[in-house]
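Each remark here refers to the structure printed beneath this line.
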Amino acid sequence: MDNNLIEAIGDNHISTNVDTPLLPTAFDKTDEEKISSIKKYFAKIMEELGLDLSDDSLSGTPHRFAKMYVKELFYGLNPENKPKLSTFDNKYGYKKMLIEQNINIDSSCEHHFLPIVGYAHIAYIPKDRVIGLSKLNRLVDYYAHRPQVQERLCMQILKDLQNTLKTEDVIVVISAKHLCVSSRGIKDKNSFTTTFEYGGKFEDVNYRNDFFGSLTSKLED
């Protein structure tokens, strides 16, 4: 396929489904085996750029890079790292909206592997089960730490919470800046992207308005 067409398709955020596209062999290797392999390939990239890896400042970079990719930036690819989402009986009979705001988004775009940074805001209306507040943050962090498209990230968080809480009454909003926009291409430093997904009672505009009206920070913040 022509490289220009490949780049255009990627910039249009075309995706086939909610799941992150993974090879069937994605987890055949251990993390240490992946680090060892990536280290070799990235050393070649650095050499192609003309960098001297015998320099003390650069000699350890391939290993640091590989470890960062596997253990830090993209640990969310491995389902073994998914946080346990314990839920509890809704003993208080709480049936109103519960909102967790300003959850940090620290992700990477899958088109250029550059940072996506911003915030997520989540609300749900409990039925029989509730979830610990910190679990919402951990779930966002897990899905964010993989190569992402913001639309998919929003949908993955929503679907997981709906399944975990056994309710469709969930809304997820993400507002983030993309360094692939601010540091390359158009180099727009001020623009940000907002996406939202919802279901159940949030299909009603009145519930959505209540949610957006309750946010204490501007989405672009």
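Within each chain, counting starts at residue 1; across the structure tokens, chains are named A, B, ... in the order shown, with ligands numbered 1 upward in that order.
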**Report entry** Residue list (strand (DSSP E or B), DSSP) for segment 65-107 of chain A, as a list of chain:residue names
**Finding:** A:Thr87, A:Phe88, A:Asp89, A:Leu98, A:Ile99, A:Glu100, A:Gln101, A:Asn102, A:Ile103, A:Asn104, A:Ile105, A:Asp106, A:Ser107
Atoms kept (N, CA and C atoms) for selection, written as a short mmCIF file (atom, residue, chain, number, x, y, z; two decimals), in the first residue's frame:
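That gives us again.cif:
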data_model
loop_
_atom_site.label_atom_id
_atom_site.label_comp_id
_atom_site.auth_asym_id
_atom_site.auth_seq_id
_atom_site.Cartn_x
_atom_site.Cartn_y
_atom_site.Cartn_z
N THR A 87 -16.21 -4.81 43.03
CA THR A 87 -17.43 -4.05 43.25
C THR A 87 -18.08 -4.50 44.56
N PHE A 88 -19.01 -3.67 45.05
CA PHE A 88 -19.64 -3.93 46.35
C PHE A 88 -21.14 -3.75 46.24
N ASP A 89 -21.86 -4.40 47.12
CA ASP A 89 -23.30 -4.22 47.17
C ASP A 89 -23.63 -2.76 47.44
N LEU A 98 -22.96 9.47 40.24
CA LEU A 98 -21.67 9.55 40.92
C LEU A 98 -20.62 9.92 39.88
N ILE A 99 -19.86 10.98 40.15
CA ILE A 99 -18.91 11.52 39.18
C ILE A 99 -17.50 11.51 39.73
N GLU A 100 -16.57 11.03 38.94
CA GLU A 100 -15.13 11.12 39.23
C GLU A 100 -14.52 12.01 38.15
N GLN A 101 -13.97 13.17 38.58
CA GLN A 101 -13.49 14.17 37.63
C GLN A 101 -11.97 14.25 37.59
N ASN A 102 -11.48 14.83 36.49
CA ASN A 102 -10.06 15.19 36.35
C ASN A 102 -9.12 14.01 36.59
N ILE A 103 -9.46 12.87 36.02
CA ILE A 103 -8.57 11.70 36.07
C ILE A 103 -7.50 11.90 35.00
N ASN A 104 -6.26 11.82 35.40
CA ASN A 104 -5.17 12.09 34.47
C ASN A 104 -5.13 11.07 33.33
N ILE A 105 -4.97 11.58 32.12
CA ILE A 105 -4.73 10.76 30.94
C ILE A 105 -3.27 10.94 30.55
N ASP A 106 -2.54 9.84 30.51
CA ASP A 106 -1.13 9.85 30.09
C ASP A 106 -0.96 8.70 29.11
N SER A 107 -1.19 8.99 27.83
CA SER A 107 -1.24 7.94 26.83
C SER A 107 -0.31 8.27 25.67
#
**Report entry** Neighbour list for Tyr69 of chain A as a PyMOL selection string, cut-off 12 Å, only C-alpha atoms, skip fewer than 3 positions in-chain
**Finding:** chain A and resi 31-32+34-39+42+62-66+72-77+107-108+113+145-147
Could you save the residues just selected, with N, CA and C atoms, as an mmCIF file, in the first residue's frame?
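part.cif was written with the following content:
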data_model
loop_
_atom_site.group_PDB
_atom_site.id
_atom_site.type_symbol
_atom_site.label_atom_id
_atom_site.label_comp_id
_atom_site.auth_asym_id
_atom_site.auth_seq_id
_atom_site.Cartn_x
_atom_site.Cartn_y
_atom_site.Cartn_z
ATOM 1 N N ASP A 31 8.250 -10.298 29.122
ATOM 2 C CA ASP A 31 8.643 -8.891 29.076
ATOM 3 C C ASP A 31 10.146 -8.745 28.863
ATOM 4 N N GLU A 32 10.927 -9.577 29.519
ATOM 5 C CA GLU A 32 12.384 -9.484 29.391
ATOM 6 C C GLU A 32 12.842 -9.832 27.977
ATOM 7 N N LYS A 34 11.040 -9.347 25.278
ATOM 8 C CA LYS A 34 10.654 -8.205 24.449
ATOM 9 C C LYS A 34 11.635 -7.049 24.616
ATOM 10 N N ILE A 35 12.046 -6.802 25.850
ATOM 11 C CA ILE A 35 13.011 -5.722 26.111
ATOM 12 C C ILE A 35 14.315 -5.988 25.380
ATOM 13 N N SER A 36 14.775 -7.218 25.436
ATOM 14 C CA SER A 36 16.024 -7.579 24.769
ATOM 15 C C SER A 36 15.928 -7.368 23.255
ATOM 16 N N SER A 37 14.796 -7.735 22.678
ATOM 17 C CA SER A 37 14.617 -7.594 21.233
ATOM 18 C C SER A 37 14.477 -6.132 20.823
ATOM 19 N N ILE A 38 13.640 -5.389 21.527
ATOM 20 C CA ILE A 38 13.436 -3.976 21.207
ATOM 21 C C ILE A 38 14.736 -3.202 21.358
ATOM 22 N N LYS A 39 15.517 -3.542 22.361
ATOM 23 C CA LYS A 39 16.813 -2.897 22.586
ATOM 24 C C LYS A 39 17.686 -2.973 21.337
ATOM 25 N N PHE A 42 16.150 -0.781 18.477
ATOM 26 C CA PHE A 42 16.265 0.665 18.684
ATOM 27 C C PHE A 42 17.708 1.124 18.566
ATOM 28 N N PRO A 62 19.383 2.457 24.357
ATOM 29 C CA PRO A 62 18.528 1.394 23.797
ATOM 30 C C PRO A 62 17.837 0.553 24.875
ATOM 31 N N HIS A 63 18.560 0.212 25.939
ATOM 32 C CA HIS A 63 17.943 -0.577 27.009
ATOM 33 C C HIS A 63 16.903 0.244 27.760
ATOM 34 N N ARG A 64 17.221 1.511 28.054
ATOM 35 C CA ARG A 64 16.261 2.363 28.763
ATOM 36 C C ARG A 64 14.990 2.539 27.940
ATOM 37 N N PHE A 65 15.171 2.736 26.649
ATOM 38 C CA PHE A 65 14.032 2.906 25.748
ATOM 39 C C PHE A 65 13.156 1.656 25.744
ATOM 40 N N ALA A 66 13.775 0.498 25.575
ATOM 41 C CA ALA A 66 13.030 -0.760 25.509
ATOM 42 C C ALA A 66 12.290 -1.039 26.813
ATOM 43 N N GLU A 72 6.583 0.609 31.179
ATOM 44 C CA GLU A 72 5.976 1.863 31.610
ATOM 45 C C GLU A 72 4.919 2.383 30.642
ATOM 46 N N LEU A 73 5.319 2.745 29.431
ATOM 47 C CA LEU A 73 4.382 3.388 28.518
ATOM 48 C C LEU A 73 3.273 2.462 28.040
ATOM 49 N N PHE A 74 3.587 1.185 27.806
ATOM 50 C CA PHE A 74 2.627 0.295 27.169
ATOM 51 C C PHE A 74 2.323 -0.947 27.996
ATOM 52 N N TYR A 75 2.414 -0.824 29.303
ATOM 53 C CA TYR A 75 2.102 -1.977 30.158
ATOM 54 C C TYR A 75 0.627 -2.355 30.060
ATOM 55 N N GLY A 76 -0.215 -1.436 29.604
ATOM 56 C CA GLY A 76 -1.640 -1.694 29.483
ATOM 57 C C GLY A 76 -2.002 -2.631 28.346
ATOM 58 N N LEU A 77 -1.038 -3.009 27.519
ATOM 59 C CA LEU A 77 -1.316 -3.981 26.474
ATOM 60 C C LEU A 77 -1.528 -5.382 27.043
ATOM 61 N N SER A 107 -1.189 8.987 27.831
ATOM 62 C CA SER A 107 -1.236 7.939 26.830
ATOM 63 C C SER A 107 -0.308 8.269 25.672
ATOM 64 N N SER A 108 -0.390 7.469 24.602
ATOM 65 C CA SER A 108 0.423 7.669 23.400
ATOM 66 C C SER A 108 -0.421 7.373 22.177
ATOM 67 N N PHE A 113 3.256 7.480 17.996
ATOM 68 C CA PHE A 113 3.832 7.124 19.296
ATOM 69 C C PHE A 113 4.305 8.368 20.057
ATOM 70 N N HIS A 145 -2.392 3.303 28.976
ATOM 71 C CA HIS A 145 -1.006 2.895 28.788
ATOM 72 C C HIS A 145 -0.875 1.802 27.731
ATOM 73 N N ARG A 146 -1.234 2.205 26.523
ATOM 74 C CA ARG A 146 -1.063 1.394 25.329
ATOM 75 C C ARG A 146 -1.147 2.355 24.143
ATOM 76 N N PRO A 147 -0.622 2.002 22.985
ATOM 77 C CA PRO A 147 -0.827 2.880 21.821
ATOM 78 C C PRO A 147 -2.323 3.049 21.595
#
Query raised in the report: What's the 12 Å shell around Pro126 of chain A, counting only C-alpha atoms, without same-chain residues fewer than 2 positions away, as a PyMOL selection string?
Result: chain A and resi 87-99+123-124+128-131+161-162+164-170+200-201
Any idea what's packed within 12 Å of Cys109 of chain A, counting only C-alpha atoms, ignoring anything in its chain fewer than 2 positions away? Could you give it as a PDB file with C-alpha atoms, in the first residue's frame?
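Saved to result-v3.pdb:
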ATOM      1  CA  GLY A  10      -4.231   6.671  10.092  1.00  0.00           C
ATOM      2  CA  ASP A  11      -4.870  10.402  10.392  1.00  0.00           C
ATOM      3  CA  HIS A  13      -8.712   7.567  12.884  1.00  0.00           C
ATOM      4  CA  LEU A  73       4.382   3.388  28.518  1.00  0.00           C
ATOM      5  CA  PHE A  74       2.627   0.295  27.169  1.00  0.00           C
ATOM      6  CA  ILE A 105      -4.729  10.761  30.939  1.00  0.00           C
ATOM      7  CA  ASP A 106      -1.134   9.854  30.089  1.00  0.00           C
ATOM      8  CA  SER A 107      -1.236   7.939  26.830  1.00  0.00           C
ATOM      9  CA  HIS A 111       0.008   6.805  14.690  1.00  0.00           C
ATOM     10  CA  HIS A 112       3.212   8.523  15.780  1.00  0.00           C
ATOM     11  CA  PHE A 113       3.832   7.124  19.296  1.00  0.00           C
ATOM     12  CA  LEU A 114       3.762  10.653  20.712  1.00  0.00           C
ATOM     13  CA  PRO A 115       2.084  11.607  24.021  1.00  0.00           C
ATOM     14  CA  ILE A 116      -1.618  12.214  24.557  1.00  0.00           C
ATOM     15  CA  VAL A 117      -2.149  14.139  27.795  1.00  0.00           C
ATOM     16  CA  ALA A 144      -4.327   4.733  28.539  1.00  0.00           C
ATOM     17  CA  HIS A 145      -1.006   2.895  28.788  1.00  0.00           C
ATOM     18  CA  ARG A 146      -1.063   1.394  25.329  1.00  0.00           C
ATOM     19  CA  PRO A 147      -0.827   2.880  21.821  1.00  0.00           C
ATOM     20  CA  GLN A 148      -4.210   4.543  21.501  1.00  0.00           C
ATOM     21  CA  VAL A 149      -6.758   6.441  19.497  1.00  0.00           C
ATOM     22  CA  GLN A 150      -8.720   8.752  21.789  1.00  0.00           C
ATOM     23  CA  GLU A 151     -12.073   7.562  20.474  1.00  0.00           C
ATOM     24  CA  ARG A 152     -11.165   3.945  21.211  1.00  0.00           C
ATOM     25  CA  LEU A 153      -9.836   4.802  24.666  1.00  0.00           C
ATOM     26  CA  ALA A 176      -6.694  15.800  25.771  1.00  0.00           C
ATOM     27  CA  LYS A 177      -3.878  17.404  23.824  1.00  0.00           C
ATOM     28  CA  HIS A 178      -2.015  15.394  21.211  1.00  0.00           C
ATOM     29  CA  LEU A 179       1.671  16.054  20.692  1.00  0.00           C
ATOM     30  CA  CYS A 180       1.375  14.672  17.160  1.00  0.00           C
ATOM     31  CA  VAL A 181      -0.630  17.850  16.517  1.00  0.00           C
TER      32      VAL A 181
END
Which of segment 25-167 of chain A counts as alpha helix (DSSP H) under DSSP, as a PDB file with N, CA and C atoms, in the first residue's frame please?
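In the end it all went to selection18.pdb:
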ATOM      1  N   ASP A  31       8.250 -10.298  29.122  1.00  0.00           N
ATOM      2  CA  ASP A  31       8.643  -8.891  29.076  1.00  0.00           C
ATOM      3  C   ASP A  31      10.146  -8.745  28.863  1.00  0.00           C
ATOM      4  N   GLU A  32      10.927  -9.577  29.519  1.00  0.00           N
ATOM      5  CA  GLU A  32      12.384  -9.484  29.391  1.00  0.00           C
ATOM      6  C   GLU A  32      12.842  -9.832  27.977  1.00  0.00           C
ATOM      7  N   GLU A  33      12.175 -10.793  27.365  1.00  0.00           N
ATOM      8  CA  GLU A  33      12.514 -11.144  25.982  1.00  0.00           C
ATOM      9  C   GLU A  33      12.160 -10.000  25.035  1.00  0.00           C
ATOM     10  N   LYS A  34      11.040  -9.347  25.278  1.00  0.00           N
ATOM     11  CA  LYS A  34      10.654  -8.205  24.449  1.00  0.00           C
ATOM     12  C   LYS A  34      11.635  -7.049  24.616  1.00  0.00           C
ATOM     13  N   ILE A  35      12.046  -6.802  25.850  1.00  0.00           N
ATOM     14  CA  ILE A  35      13.011  -5.722  26.111  1.00  0.00           C
ATOM     15  C   ILE A  35      14.315  -5.988  25.380  1.00  0.00           C
ATOM     16  N   SER A  36      14.775  -7.218  25.436  1.00  0.00           N
ATOM     17  CA  SER A  36      16.024  -7.579  24.769  1.00  0.00           C
ATOM     18  C   SER A  36      15.928  -7.368  23.255  1.00  0.00           C
ATOM     19  N   SER A  37      14.796  -7.735  22.678  1.00  0.00           N
ATOM     20  CA  SER A  37      14.617  -7.594  21.233  1.00  0.00           C
ATOM     21  C   SER A  37      14.477  -6.132  20.823  1.00  0.00           C
ATOM     22  N   ILE A  38      13.640  -5.389  21.527  1.00  0.00           N
ATOM     23  CA  ILE A  38      13.436  -3.976  21.207  1.00  0.00           C
ATOM     24  C   ILE A  38      14.736  -3.202  21.358  1.00  0.00           C
ATOM     25  N   LYS A  39      15.517  -3.542  22.361  1.00  0.00           N
ATOM     26  CA  LYS A  39      16.813  -2.897  22.586  1.00  0.00           C
ATOM     27  C   LYS A  39      17.686  -2.973  21.337  1.00  0.00           C
ATOM     28  N   LYS A  40      17.740  -4.131  20.721  1.00  0.00           N
ATOM     29  CA  LYS A  40      18.577  -4.318  19.527  1.00  0.00           C
ATOM     30  C   LYS A  40      18.057  -3.483  18.359  1.00  0.00           C
ATOM     31  N   TYR A  41      16.736  -3.511  18.169  1.00  0.00           N
ATOM     32  CA  TYR A  41      16.158  -2.759  17.057  1.00  0.00           C
ATOM     33  C   TYR A  41      16.322  -1.255  17.241  1.00  0.00           C
ATOM     34  N   PHE A  42      16.150  -0.781  18.477  1.00  0.00           N
ATOM     35  CA  PHE A  42      16.265   0.665  18.684  1.00  0.00           C
ATOM     36  C   PHE A  42      17.708   1.124  18.566  1.00  0.00           C
ATOM     37  N   ALA A  43      18.639   0.276  18.935  1.00  0.00           N
ATOM     38  CA  ALA A  43      20.054   0.608  18.726  1.00  0.00           C
ATOM     39  C   ALA A  43      20.322   0.826  17.235  1.00  0.00           C
ATOM     40  N   LYS A  44      19.707  -0.009  16.388  1.00  0.00           N
ATOM     41  CA  LYS A  44      19.861   0.145  14.940  1.00  0.00           C
ATOM     42  C   LYS A  44      19.260   1.462  14.458  1.00  0.00           C
ATOM     43  N   ILE A  45      18.115   1.832  15.024  1.00  0.00           N
ATOM     44  CA  ILE A  45      17.492   3.105  14.657  1.00  0.00           C
ATOM     45  C   ILE A  45      18.410   4.259  15.014  1.00  0.00           C
ATOM     46  N   MET A  46      18.982   4.224  16.204  1.00  0.00           N
ATOM     47  CA  MET A  46      19.883   5.288  16.631  1.00  0.00           C
ATOM     48  C   MET A  46      21.108   5.366  15.728  1.00  0.00           C
ATOM     49  N   GLU A  47      21.630   4.213  15.356  1.00  0.00           N
ATOM     50  CA  GLU A  47      22.789   4.190  14.458  1.00  0.00           C
ATOM     51  C   GLU A  47      22.433   4.748  13.085  1.00  0.00           C
ATOM     52  N   GLU A  48      21.207   4.428  12.595  1.00  0.00           N
ATOM     53  CA  GLU A  48      20.764   4.966  11.311  1.00  0.00           C
ATOM     54  C   GLU A  48      20.643   6.486  11.359  1.00  0.00           C
ATOM     55  N   THR A  61      21.012   4.014  26.277  1.00  0.00           N
ATOM     56  CA  THR A  61      19.706   4.467  25.799  1.00  0.00           C
ATOM     57  C   THR A  61      18.854   3.351  25.195  1.00  0.00           C
ATOM     58  N   PRO A  62      19.383   2.457  24.357  1.00  0.00           N
ATOM     59  CA  PRO A  62      18.528   1.394  23.797  1.00  0.00           C
ATOM     60  C   PRO A  62      17.837   0.553  24.875  1.00  0.00           C
ATOM     61  N   HIS A  63      18.560   0.212  25.939  1.00  0.00           N
ATOM     62  CA  HIS A  63      17.943  -0.577  27.009  1.00  0.00           C
ATOM     63  C   HIS A  63      16.903   0.244  27.760  1.00  0.00           C
ATOM     64  N   ARG A  64      17.221   1.511  28.054  1.00  0.00           N
ATOM     65  CA  ARG A  64      16.261   2.363  28.763  1.00  0.00           C
ATOM     66  C   ARG A  64      14.990   2.539  27.940  1.00  0.00           C
ATOM     67  N   PHE A  65      15.171   2.736  26.649  1.00  0.00           N
ATOM     68  CA  PHE A  65      14.032   2.906  25.748  1.00  0.00           C
ATOM     69  C   PHE A  65      13.156   1.656  25.744  1.00  0.00           C
ATOM     70  N   ALA A  66      13.775   0.498  25.575  1.00  0.00           N
ATOM     71  CA  ALA A  66      13.030  -0.760  25.509  1.00  0.00           C
ATOM     72  C   ALA A  66      12.290  -1.039  26.813  1.00  0.00           C
ATOM     73  N   LYS A  67      12.948  -0.820  27.933  1.00  0.00           N
ATOM     74  CA  LYS A  67      12.324  -1.037  29.235  1.00  0.00           C
ATOM     75  C   LYS A  67      11.148  -0.086  29.442  1.00  0.00           C
ATOM     76  N   LEU A 133     -13.728   4.305  44.304  1.00  0.00           N
ATOM     77  CA  LEU A 133     -13.383   5.449  43.454  1.00  0.00           C
ATOM     78  C   LEU A 133     -12.012   5.292  42.808  1.00  0.00           C
ATOM     79  N   SER A 134     -11.032   4.795  43.532  1.00  0.00           N
ATOM     80  CA  SER A 134      -9.679   4.680  42.978  1.00  0.00           C
ATOM     81  C   SER A 134      -9.635   3.691  41.822  1.00  0.00           C
ATOM     82  N   LYS A 135     -10.599   2.763  41.777  1.00  0.00           N
ATOM     83  CA  LYS A 135     -10.623   1.775  40.694  1.00  0.00           C
ATOM     84  C   LYS A 135     -10.922   2.440  39.356  1.00  0.00           C
ATOM     85  N   LEU A 136     -11.682   3.528  39.380  1.00  0.00           N
ATOM     86  CA  LEU A 136     -11.950   4.263  38.153  1.00  0.00           C
ATOM     87  C   LEU A 136     -10.660   4.853  37.601  1.00  0.00           C
ATOM     88  N   ASN A 137      -9.858   5.434  38.495  1.00  0.00           N
ATOM     89  CA  ASN A 137      -8.572   6.002  38.071  1.00  0.00           C
ATOM     90  C   ASN A 137      -7.655   4.923  37.521  1.00  0.00           C
ATOM     91  N   ARG A 138      -7.629   3.779  38.197  1.00  0.00           N
ATOM     92  CA  ARG A 138      -6.748   2.691  37.773  1.00  0.00           C
ATOM     93  C   ARG A 138      -7.176   2.117  36.419  1.00  0.00           C
ATOM     94  N   LEU A 139      -8.475   2.056  36.190  1.00  0.00           N
ATOM     95  CA  LEU A 139      -8.957   1.542  34.912  1.00  0.00           C
ATOM     96  C   LEU A 139      -8.569   2.477  33.769  1.00  0.00           C
ATOM     97  N   VAL A 140      -8.740   3.773  33.975  1.00  0.00           N
ATOM     98  CA  VAL A 140      -8.331   4.756  32.969  1.00  0.00           C
ATOM     99  C   VAL A 140      -6.838   4.641  32.699  1.00  0.00           C
ATOM    100  N   ASP A 141      -6.049   4.546  33.750  1.00  0.00           N
ATOM    101  CA  ASP A 141      -4.595   4.455  33.610  1.00  0.00           C
ATOM    102  C   ASP A 141      -4.201   3.212  32.817  1.00  0.00           C
ATOM    103  N   TYR A 142      -4.888   2.103  33.062  1.00  0.00           N
ATOM    104  CA  TYR A 142      -4.583   0.844  32.380  1.00  0.00           C
ATOM    105  C   TYR A 142      -4.825   0.958  30.877  1.00  0.00           C
ATOM    106  N   TYR A 143      -5.995   1.426  30.489  1.00  0.00           N
ATOM    107  CA  TYR A 143      -6.304   1.524  29.059  1.00  0.00           C
ATOM    108  C   TYR A 143      -5.500   2.627  28.369  1.00  0.00           C
ATOM    109  N   ALA A 144      -5.120   3.654  29.127  1.00  0.00           N
ATOM    110  CA  ALA A 144      -4.327   4.733  28.539  1.00  0.00           C
ATOM    111  C   ALA A 144      -2.907   4.279  28.206  1.00  0.00           C
ATOM    112  N   GLN A 150      -7.916   8.236  20.676  1.00  0.00           N
ATOM    113  CA  GLN A 150      -8.720   8.752  21.789  1.00  0.00           C
ATOM    114  C   GLN A 150     -10.152   8.221  21.763  1.00  0.00           C
ATOM    115  N   GLU A 151     -10.714   8.083  20.576  1.00  0.00           N
ATOM    116  CA  GLU A 151     -12.073   7.562  20.474  1.00  0.00           C
ATOM    117  C   GLU A 151     -12.159   6.141  21.049  1.00  0.00           C
ATOM    118  N   ARG A 152     -11.166   5.314  20.715  1.00  0.00           N
ATOM    119  CA  ARG A 152     -11.165   3.945  21.211  1.00  0.00           C
ATOM    120  C   ARG A 152     -10.972   3.905  22.722  1.00  0.00           C
ATOM    121  N   LEU A 153     -10.077   4.743  23.229  1.00  0.00           N
ATOM    122  CA  LEU A 153      -9.836   4.802  24.666  1.00  0.00           C
ATOM    123  C   LEU A 153     -11.129   5.102  25.410  1.00  0.00           C
ATOM    124  N   CYS A 154     -11.883   6.051  24.912  1.00  0.00           N
ATOM    125  CA  CYS A 154     -13.154   6.433  25.527  1.00  0.00           C
ATOM    126  C   CYS A 154     -14.122   5.244  25.554  1.00  0.00           C
ATOM    127  N   MET A 155     -14.203   4.522  24.442  1.00  0.00           N
ATOM    128  CA  MET A 155     -15.115   3.395  24.333  1.00  0.00           C
ATOM    129  C   MET A 155     -14.682   2.208  25.186  1.00  0.00           C
ATOM    130  N   GLN A 156     -13.376   1.968  25.277  1.00  0.00           N
ATOM    131  CA  GLN A 156     -12.889   0.850  26.089  1.00  0.00           C
ATOM    132  C   GLN A 156     -13.211   1.053  27.558  1.00  0.00           C
ATOM    133  N   ILE A 157     -13.026   2.263  28.046  1.00  0.00           N
ATOM    134  CA  ILE A 157     -13.335   2.565  29.445  1.00  0.00           C
ATOM    135  C   ILE A 157     -14.832   2.397  29.699  1.00  0.00           C
ATOM    136  N   LEU A 158     -15.650   2.939  28.795  1.00  0.00           N
ATOM    137  CA  LEU A 158     -17.102   2.847  28.943  1.00  0.00           C
ATOM    138  C   LEU A 158     -17.568   1.389  28.992  1.00  0.00           C
ATOM    139  N   LYS A 159     -17.152   0.590  28.006  1.00  0.00           N
ATOM    140  CA  LYS A 159     -17.623  -0.794  27.915  1.00  0.00           C
ATOM    141  C   LYS A 159     -17.194  -1.607  29.131  1.00  0.00           C
ATOM    142  N   ASP A 160     -15.975  -1.396  29.590  1.00  0.00           N
ATOM    143  CA  ASP A 160     -15.494  -2.142  30.744  1.00  0.00           C
ATOM    144  C   ASP A 160     -16.306  -1.800  31.984  1.00  0.00           C
ATOM    145  N   LEU A 161     -16.568  -0.523  32.201  1.00  0.00           N
ATOM    146  CA  LEU A 161     -17.352  -0.117  33.373  1.00  0.00           C
ATOM    147  C   LEU A 161     -18.792  -0.622  33.286  1.00  0.00           C
ATOM    148  N   GLN A 162     -19.376  -0.579  32.112  1.00  0.00           N
ATOM    149  CA  GLN A 162     -20.737  -1.093  31.961  1.00  0.00           C
ATOM    150  C   GLN A 162     -20.801  -2.580  32.304  1.00  0.00           C
ATOM    151  N   ASN A 163     -19.811  -3.325  31.850  1.00  0.00           N
ATOM    152  CA  ASN A 163     -19.778  -4.762  32.143  1.00  0.00           C
ATOM    153  C   ASN A 163     -19.519  -5.024  33.622  1.00  0.00           C
ATOM    154  N   THR A 164     -18.615  -4.248  34.220  1.00  0.00           N
ATOM    155  CA  THR A 164     -18.248  -4.450  35.615  1.00  0.00           C
ATOM    156  C   THR A 164     -19.391  -4.096  36.558  1.00  0.00           C
ATOM    157  N   LEU A 165     -20.056  -2.977  36.275  1.00  0.00           N
ATOM    158  CA  LEU A 165     -21.116  -2.475  37.154  1.00  0.00           C
ATOM    159  C   LEU A 165     -22.491  -3.052  36.822  1.00  0.00           C
TER     160      LEU A 165
END
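The nearest approach to Pro21 of chain A among the residues A:Glu110, A:Leu49, A:Val70, A:Asp210, with only C-alpha atoms taken into account, belongs to A:Glu110.
Between atom CA of Thr195 of chain A and atom CA of Ser175 of chain A the interatomic distance comes to 6.6 Å.
Atom pair atom CA of Glu203 of chain A / atom CA of Ser86 of chain A: separated by 26.4 Å.
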